[in-house]
Structures are given as structure tokens and as C-alpha cells.
Amino acid sequence: MFFGNTSRDIGRKGEKLAADYLKKHGYKIVAKNFSSAHGEIDLVVTNKDFLVFVEVKSRKDNEENFKNYGFPAEAVNKTKQRHIIFTANVFLQKHPTDKALRFDVVEVYLGKEIRINHIEDAFVL
């Protein structure tokens with residue numbers, strides 16, 4: 001399966017697959033690629049209970065990638081989390097909600113088969 005060679009190609013494909021996965025699991029897409037001065041949130045989704053800010057991390061599914069770059073969720077370090085939280089606050093200023101908030105990470109593994117790992121409550125405020 002060909003996904004393109006650039007990290008941008010892989011990221012775009014991963015975001016589309018993550019959005020499709022979340023929709024299939026009862027989430028509604030509220031926003032894609034919402035930006036602030038401090039970063040971007042890949043997906044903002046909602047279900048009956050939560051407004052969820054989703055960071056999507058994609059990797060080609062092979063041992064060499066994991067050895068060199070780690071597993072996808074490992075890239076969401078404390079600095080990245082602070083940027084996501086800042087951007088989430090900007091989103092909430094423009095789009096207030098009464099729903100509970102959550103920060104999730106969706107790992108997308110691109111290989112012969114596509115694997116998706118949805119990590120709910122990956123980090124907190």
C-alpha cells in the first residue's frame with residue numbers, strides 16, 4: 001500500500017484514517033486542524049459526553065521506524081501537550097461548551113494492514 005514518502009503525506013493519511021475511525025465509533029467531527037499561535041489540534045470531536053481534542057500520530061508500521069522514532073504516542077511529550085492545551089483554550093474561547101473535556105491520542109500504524117490505537121485520556125490539563 002502506498003502512502004507517500006513525506007512525513008506530511010503520512011500525517012495527512014493518518015488524520016483521515018483517524019477521523020474515519022472516530023466517526024465509525026460514534027464521534028462527530030467538529031473541527032480539523034484547528035490552529036493557534038502555539039500549535040494545532042488535528043481533530044476536535046464530540047460524542048454525547050465529551051468534547052475531545054485529538055492528536056493524531058502516524059508511523060509506517062515497521063521495526064526500523066519504532067527503533068528510530070519510538071511509538072507514535074511517545075511523540076506527544078510535555079511540550080507538545082502544553083501547546084495542545086493552549087490551543088484547546090483558544091478553541092473554547094471561540095466555541096464554549098458545557099461538555100466535559102478530554103485529550104486523546106490516536107496512533108495510526110501504516111503497513112500492509114492499517115492498525116489504529118485510540119488512547120482516551122492520554123493526558124490531562
# chains A, B, ... in the order shown; residues from 1 in each chain; ligands from 1
>>> residues_around(residues="Arg82 of chain A", least_positions_apart="6", cutoff="10 Å", atoms="only C-alpha atoms", output="PyMOL selection string")
chain A and resi 38-39+76+88+125
>>> select_by_dssp(residues="chain A", states="strand (DSSP E or B)", output="PyMOL selection string")
chain A and resi 28-36+39-46+50-60+100-110+114-123
>>> residues_around(residues="Glu107 of chain A", least_positions_apart="5", cutoff="7 Å", atoms="only C-alpha atoms", output="list in words")
Val56, Lys57, Ser58, Pro72, Ala73, Ile116, Asn117 and His118 of chain A
>>> write_last_selection(atoms="all heavy atoms", output="PDB file, in the first residue's frame")
ATOM      1  N   VAL A  56      -3.255  13.202  16.447  1.00  0.00           N
ATOM      2  CA  VAL A  56      -3.057  12.004  15.637  1.00  0.00           C
ATOM      3  C   VAL A  56      -1.570  11.869  15.349  1.00  0.00           C
ATOM      4  O   VAL A  56      -0.928  12.817  14.901  1.00  0.00           O
ATOM      5  CB  VAL A  56      -3.842  12.089  14.307  1.00  0.00           C
ATOM      6  CG1 VAL A  56      -3.603  10.847  13.453  1.00  0.00           C
ATOM      7  CG2 VAL A  56      -5.330  12.299  14.567  1.00  0.00           C
ATOM      8  N   LYS A  57      -1.047  10.686  15.624  1.00  0.00           N
ATOM      9  CA  LYS A  57       0.358  10.399  15.331  1.00  0.00           C
ATOM     10  C   LYS A  57       0.419   9.144  14.482  1.00  0.00           C
ATOM     11  O   LYS A  57      -0.123   8.108  14.842  1.00  0.00           O
ATOM     12  CB  LYS A  57       1.168  10.195  16.619  1.00  0.00           C
ATOM     13  CG  LYS A  57       1.389  11.480  17.386  1.00  0.00           C
ATOM     14  CD  LYS A  57       2.233  12.429  16.570  1.00  0.00           C
ATOM     15  CE  LYS A  57       2.522  13.726  17.270  1.00  0.00           C
ATOM     16  NZ  LYS A  57       3.141  14.693  16.378  1.00  0.00           N
ATOM     17  N   SER A  58       1.092   9.250  13.348  1.00  0.00           N
ATOM     18  CA  SER A  58       1.149   8.150  12.389  1.00  0.00           C
ATOM     19  C   SER A  58       2.594   7.724  12.163  1.00  0.00           C
ATOM     20  O   SER A  58       3.511   8.544  12.217  1.00  0.00           O
ATOM     21  CB  SER A  58       0.557   8.584  11.048  1.00  0.00           C
ATOM     22  OG  SER A  58      -0.733   9.101  11.234  1.00  0.00           O
ATOM     23  N   PRO A  72       4.211   6.045  18.154  1.00  0.00           N
ATOM     24  CA  PRO A  72       3.604   7.348  17.853  1.00  0.00           C
ATOM     25  C   PRO A  72       3.242   8.187  19.077  1.00  0.00           C
ATOM     26  O   PRO A  72       3.573   9.367  19.131  1.00  0.00           O
ATOM     27  CB  PRO A  72       2.366   6.969  17.045  1.00  0.00           C
ATOM     28  CG  PRO A  72       2.718   5.681  16.392  1.00  0.00           C
ATOM     29  CD  PRO A  72       3.571   4.956  17.392  1.00  0.00           C
ATOM     30  N   ALA A  73       2.582   7.603  20.067  1.00  0.00           N
ATOM     31  CA  ALA A  73       2.137   8.383  21.232  1.00  0.00           C
ATOM     32  C   ALA A  73       3.304   8.973  22.022  1.00  0.00           C
ATOM     33  O   ALA A  73       3.148   9.983  22.695  1.00  0.00           O
ATOM     34  CB  ALA A  73       1.266   7.527  22.143  1.00  0.00           C
ATOM     35  N   ILE A 116      -5.080   0.948  14.194  1.00  0.00           N
ATOM     36  CA  ILE A 116      -5.372   2.199  14.902  1.00  0.00           C
ATOM     37  C   ILE A 116      -5.498   1.890  16.378  1.00  0.00           C
ATOM     38  O   ILE A 116      -6.171   0.936  16.772  1.00  0.00           O
ATOM     39  CB  ILE A 116      -6.656   2.852  14.353  1.00  0.00           C
ATOM     40  CG1 ILE A 116      -6.409   3.289  12.904  1.00  0.00           C
ATOM     41  CG2 ILE A 116      -7.082   4.040  15.230  1.00  0.00           C
ATOM     42  CD1 ILE A 116      -7.595   3.891  12.203  1.00  0.00           C
ATOM     43  N   ASN A 117      -4.823   2.702  17.198  1.00  0.00           N
ATOM     44  CA  ASN A 117      -4.885   2.584  18.647  1.00  0.00           C
ATOM     45  C   ASN A 117      -5.381   3.908  19.200  1.00  0.00           C
ATOM     46  O   ASN A 117      -4.675   4.912  19.130  1.00  0.00           O
ATOM     47  CB  ASN A 117      -3.504   2.240  19.210  1.00  0.00           C
ATOM     48  CG  ASN A 117      -3.514   2.091  20.715  1.00  0.00           C
ATOM     49  OD1 ASN A 117      -4.499   1.680  21.307  1.00  0.00           O
ATOM     50  ND2 ASN A 117      -2.404   2.426  21.339  1.00  0.00           N
ATOM     51  N   HIS A 118      -6.598   3.910  19.748  1.00  0.00           N
ATOM     52  CA  HIS A 118      -7.208   5.118  20.308  1.00  0.00           C
ATOM     53  C   HIS A 118      -6.940   5.145  21.808  1.00  0.00           C
ATOM     54  O   HIS A 118      -7.432   4.301  22.543  1.00  0.00           O
ATOM     55  CB  HIS A 118      -8.708   5.105  20.012  1.00  0.00           C
ATOM     56  CG  HIS A 118      -9.428   6.310  20.521  1.00  0.00           C
ATOM     57  ND1 HIS A 118     -10.792   6.371  20.539  1.00  0.00           N
ATOM     58  CD2 HIS A 118      -9.003   7.487  21.036  1.00  0.00           C
ATOM     59  CE1 HIS A 118     -11.169   7.539  21.036  1.00  0.00           C
ATOM     60  NE2 HIS A 118     -10.094   8.219  21.354  1.00  0.00           N
TER      61      HIS A 118
END
>>> residues_around(residues="Thr87 of chain A", least_positions_apart="3", cutoff="9 Å", atoms="only C-alpha atoms", output="number ranges by chain")
A: 34-41, 82-84, 90-92
>>> write_last_selection(atoms="all heavy atoms", output="mmCIF file, in the first residue's frame")
data_model
loop_
_atom_site.group_PDB
_atom_site.id
_atom_site.type_symbol
_atom_site.label_atom_id
_atom_site.label_comp_id
_atom_site.auth_asym_id
_atom_site.auth_seq_id
_atom_site.Cartn_x
_atom_site.Cartn_y
_atom_site.Cartn_z
ATOM 1 N N PHE A 34 -7.318 22.683 13.756
ATOM 2 C CA PHE A 34 -7.580 23.972 14.398
ATOM 3 C C PHE A 34 -6.256 24.525 14.920
ATOM 4 O O PHE A 34 -5.533 23.864 15.647
ATOM 5 C CB PHE A 34 -8.576 23.813 15.553
ATOM 6 C CG PHE A 34 -8.886 25.117 16.227
ATOM 7 C CD1 PHE A 34 -9.850 25.963 15.705
ATOM 8 C CD2 PHE A 34 -8.184 25.514 17.359
ATOM 9 C CE1 PHE A 34 -10.113 27.189 16.308
ATOM 10 C CE2 PHE A 34 -8.446 26.735 17.968
ATOM 11 C CZ PHE A 34 -9.408 27.578 17.435
ATOM 12 N N SER A 35 -5.926 25.784 14.537
ATOM 13 C CA SER A 35 -4.623 26.360 14.886
ATOM 14 C C SER A 35 -4.726 27.545 15.814
ATOM 15 O O SER A 35 -5.715 28.267 15.819
ATOM 16 C CB SER A 35 -3.886 26.869 13.661
ATOM 17 O OG SER A 35 -4.054 26.110 12.568
ATOM 18 N N SER A 36 -3.643 27.724 16.556
ATOM 19 C CA SER A 36 -3.431 28.933 17.353
ATOM 20 C C SER A 36 -1.986 29.350 17.137
ATOM 21 O O SER A 36 -1.244 28.693 16.404
ATOM 22 C CB SER A 36 -3.686 28.652 18.838
ATOM 23 O OG SER A 36 -2.593 27.959 19.406
ATOM 24 N N ALA A 37 -1.586 30.393 17.829
ATOM 25 C CA ALA A 37 -0.202 30.851 17.720
ATOM 26 C C ALA A 37 0.780 29.813 18.271
ATOM 27 O O ALA A 37 1.963 29.864 17.970
ATOM 28 C CB ALA A 37 -0.039 32.168 18.464
ATOM 29 N N HIS A 38 0.297 28.884 19.071
ATOM 30 C CA HIS A 38 1.180 27.904 19.712
ATOM 31 C C HIS A 38 1.054 26.500 19.160
ATOM 32 O O HIS A 38 1.638 25.570 19.720
ATOM 33 C CB HIS A 38 0.923 27.874 21.221
ATOM 34 C CG HIS A 38 1.433 29.091 21.909
ATOM 35 N ND1 HIS A 38 2.751 29.253 22.244
ATOM 36 C CD2 HIS A 38 0.810 30.218 22.285
ATOM 37 C CE1 HIS A 38 2.910 30.428 22.825
ATOM 38 N NE2 HIS A 38 1.749 31.033 22.858
ATOM 39 N N GLY A 39 0.280 26.311 18.119
ATOM 40 C CA GLY A 39 0.201 24.975 17.562
ATOM 41 C C GLY A 39 -1.123 24.666 16.911
ATOM 42 O O GLY A 39 -1.909 25.564 16.623
ATOM 43 N N GLU A 40 -1.332 23.382 16.723
ATOM 44 C CA GLU A 40 -2.507 22.919 16.011
ATOM 45 C C GLU A 40 -3.061 21.684 16.706
ATOM 46 O O GLU A 40 -2.309 20.877 17.249
ATOM 47 C CB GLU A 40 -2.102 22.562 14.579
ATOM 48 C CG GLU A 40 -3.224 22.053 13.723
ATOM 49 C CD GLU A 40 -2.746 21.682 12.340
ATOM 50 O OE1 GLU A 40 -2.754 22.560 11.462
ATOM 51 O OE2 GLU A 40 -2.377 20.507 12.144
ATOM 52 N N ILE A 41 -4.364 21.560 16.662
ATOM 53 C CA ILE A 41 -5.031 20.342 17.121
ATOM 54 C C ILE A 41 -5.551 19.644 15.876
ATOM 55 O O ILE A 41 -6.276 20.243 15.073
ATOM 56 C CB ILE A 41 -6.171 20.658 18.109
ATOM 57 C CG1 ILE A 41 -5.586 21.291 19.368
ATOM 58 C CG2 ILE A 41 -6.953 19.384 18.439
ATOM 59 C CD1 ILE A 41 -6.620 21.788 20.351
ATOM 60 N N ARG A 82 1.472 20.872 26.255
ATOM 61 C CA ARG A 82 1.221 22.280 26.614
ATOM 62 C C ARG A 82 0.701 23.063 25.420
ATOM 63 O O ARG A 82 -0.208 23.888 25.546
ATOM 64 C CB ARG A 82 2.487 22.934 27.185
ATOM 65 C CG ARG A 82 2.758 22.561 28.624
ATOM 66 C CD ARG A 82 3.820 23.451 29.259
ATOM 67 N NE ARG A 82 5.115 23.353 28.610
ATOM 68 C CZ ARG A 82 6.048 22.449 28.894
ATOM 69 N NH1 ARG A 82 5.830 21.541 29.822
ATOM 70 N NH2 ARG A 82 7.208 22.452 28.264
ATOM 71 N N HIS A 83 1.251 22.819 24.249
ATOM 72 C CA HIS A 83 0.781 23.500 23.033
ATOM 73 C C HIS A 83 -0.662 23.101 22.700
ATOM 74 O O HIS A 83 -1.464 23.951 22.310
ATOM 75 C CB HIS A 83 1.701 23.195 21.853
ATOM 76 C CG HIS A 83 3.046 23.836 21.961
ATOM 77 N ND1 HIS A 83 3.262 25.163 21.692
ATOM 78 C CD2 HIS A 83 4.242 23.330 22.322
ATOM 79 C CE1 HIS A 83 4.540 25.455 21.879
ATOM 80 N NE2 HIS A 83 5.155 24.349 22.271
ATOM 81 N N ILE A 84 -0.968 21.834 22.850
ATOM 82 C CA ILE A 84 -2.333 21.364 22.585
ATOM 83 C C ILE A 84 -3.308 21.994 23.577
ATOM 84 O O ILE A 84 -4.387 22.457 23.196
ATOM 85 C CB ILE A 84 -2.397 19.820 22.626
ATOM 86 C CG1 ILE A 84 -1.608 19.235 21.454
ATOM 87 C CG2 ILE A 84 -3.847 19.334 22.607
ATOM 88 C CD1 ILE A 84 -1.353 17.738 21.549
ATOM 89 N N VAL A 90 -7.897 28.269 23.308
ATOM 90 C CA VAL A 90 -8.281 29.208 22.250
ATOM 91 C C VAL A 90 -9.573 28.724 21.594
ATOM 92 O O VAL A 90 -10.502 29.503 21.363
ATOM 93 C CB VAL A 90 -7.150 29.370 21.206
ATOM 94 C CG1 VAL A 90 -7.629 30.180 20.001
ATOM 95 C CG2 VAL A 90 -5.924 30.017 21.844
ATOM 96 N N PHE A 91 -9.636 27.433 21.299
ATOM 97 C CA PHE A 91 -10.845 26.863 20.707
ATOM 98 C C PHE A 91 -12.054 27.109 21.611
ATOM 99 O O PHE A 91 -13.120 27.516 21.138
ATOM 100 C CB PHE A 91 -10.663 25.355 20.461
ATOM 101 C CG PHE A 91 -11.860 24.708 19.829
ATOM 102 C CD1 PHE A 91 -11.975 24.646 18.448
ATOM 103 C CD2 PHE A 91 -12.883 24.166 20.597
ATOM 104 C CE1 PHE A 91 -13.089 24.063 17.850
ATOM 105 C CE2 PHE A 91 -14.001 23.584 20.017
ATOM 106 C CZ PHE A 91 -14.096 23.539 18.634
ATOM 107 N N LEU A 92 -11.891 26.872 22.904
ATOM 108 C CA LEU A 92 -13.003 27.014 23.852
ATOM 109 C C LEU A 92 -13.447 28.467 24.009
ATOM 110 O O LEU A 92 -14.620 28.723 24.284
ATOM 111 C CB LEU A 92 -12.623 26.421 25.203
ATOM 112 C CG LEU A 92 -12.480 24.896 25.203
ATOM 113 C CD1 LEU A 92 -11.811 24.416 26.483
ATOM 114 C CD2 LEU A 92 -13.830 24.230 24.991
#
>>> residues_around(residues="Asp98 of chain A", least_positions_apart="3", cutoff="10 Å", atoms="only C-alpha atoms", output="PyMOL selection string")
chain A and resi 49-51+101
>>> write_last_selection(atoms="N, CA and C atoms", output="mmCIF file, in the first residue's frame")
data_model
loop_
_atom_site.group_PDB
_atom_site.id
_atom_site.type_symbol
_atom_site.label_atom_id
_atom_site.label_comp_id
_atom_site.auth_asym_id
_atom_site.auth_seq_id
_atom_site.Cartn_x
_atom_site.Cartn_y
_atom_site.Cartn_z
ATOM 1 N N ASP A 49 -20.996 12.668 25.626
ATOM 2 C CA ASP A 49 -20.468 13.067 26.930
ATOM 3 C C ASP A 49 -19.314 14.068 26.886
ATOM 4 N N PHE A 50 -18.504 14.034 25.842
ATOM 5 C CA PHE A 50 -17.241 14.772 25.842
ATOM 6 C C PHE A 50 -17.038 15.617 24.592
ATOM 7 N N LEU A 51 -16.269 16.689 24.785
ATOM 8 C CA LEU A 51 -15.614 17.382 23.686
ATOM 9 C C LEU A 51 -14.161 16.920 23.776
ATOM 10 N N LEU A 101 -14.286 17.825 29.072
ATOM 11 C CA LEU A 101 -13.196 17.872 28.098
ATOM 12 C C LEU A 101 -12.301 16.649 28.253
#
>>> closest_residue(among="A:Ala31, A:Asp42, A:Arg59, A:Lys13", to="Tyr109 of chain A", atoms="only C-alpha atoms")
A:Arg59
>>> atom_distance(atom1="atom CA of Lys48 of chain A", atom2="atom CA of Ala100 of chain A")
9.9 Å
>>> atom_distance(atom1="atom CA of Glu55 of chain A", atom2="atom CA of His25 of chain A")
16.7 Å
>>> residues_around(residues="segment 52-54 of chain A", least_positions_apart="3", cutoff="6 Å", atoms="only C-alpha atoms", output="list in words")
Leu43, Val44, Val45, Thr46, Leu101, Arg102, Phe103, Asp104 and Val105 of chain A
>>> atom_distance(atom1="atom CA of Glu113 of chain A", atom2="atom CA of Asp61 of chain A")
8.7 Å
>>> select_by_dssp(residues="chain A", states="helix (DSSP H, G or I)", output="number ranges by chain")
A: 7-24, 63-69, 72-75, 78-94
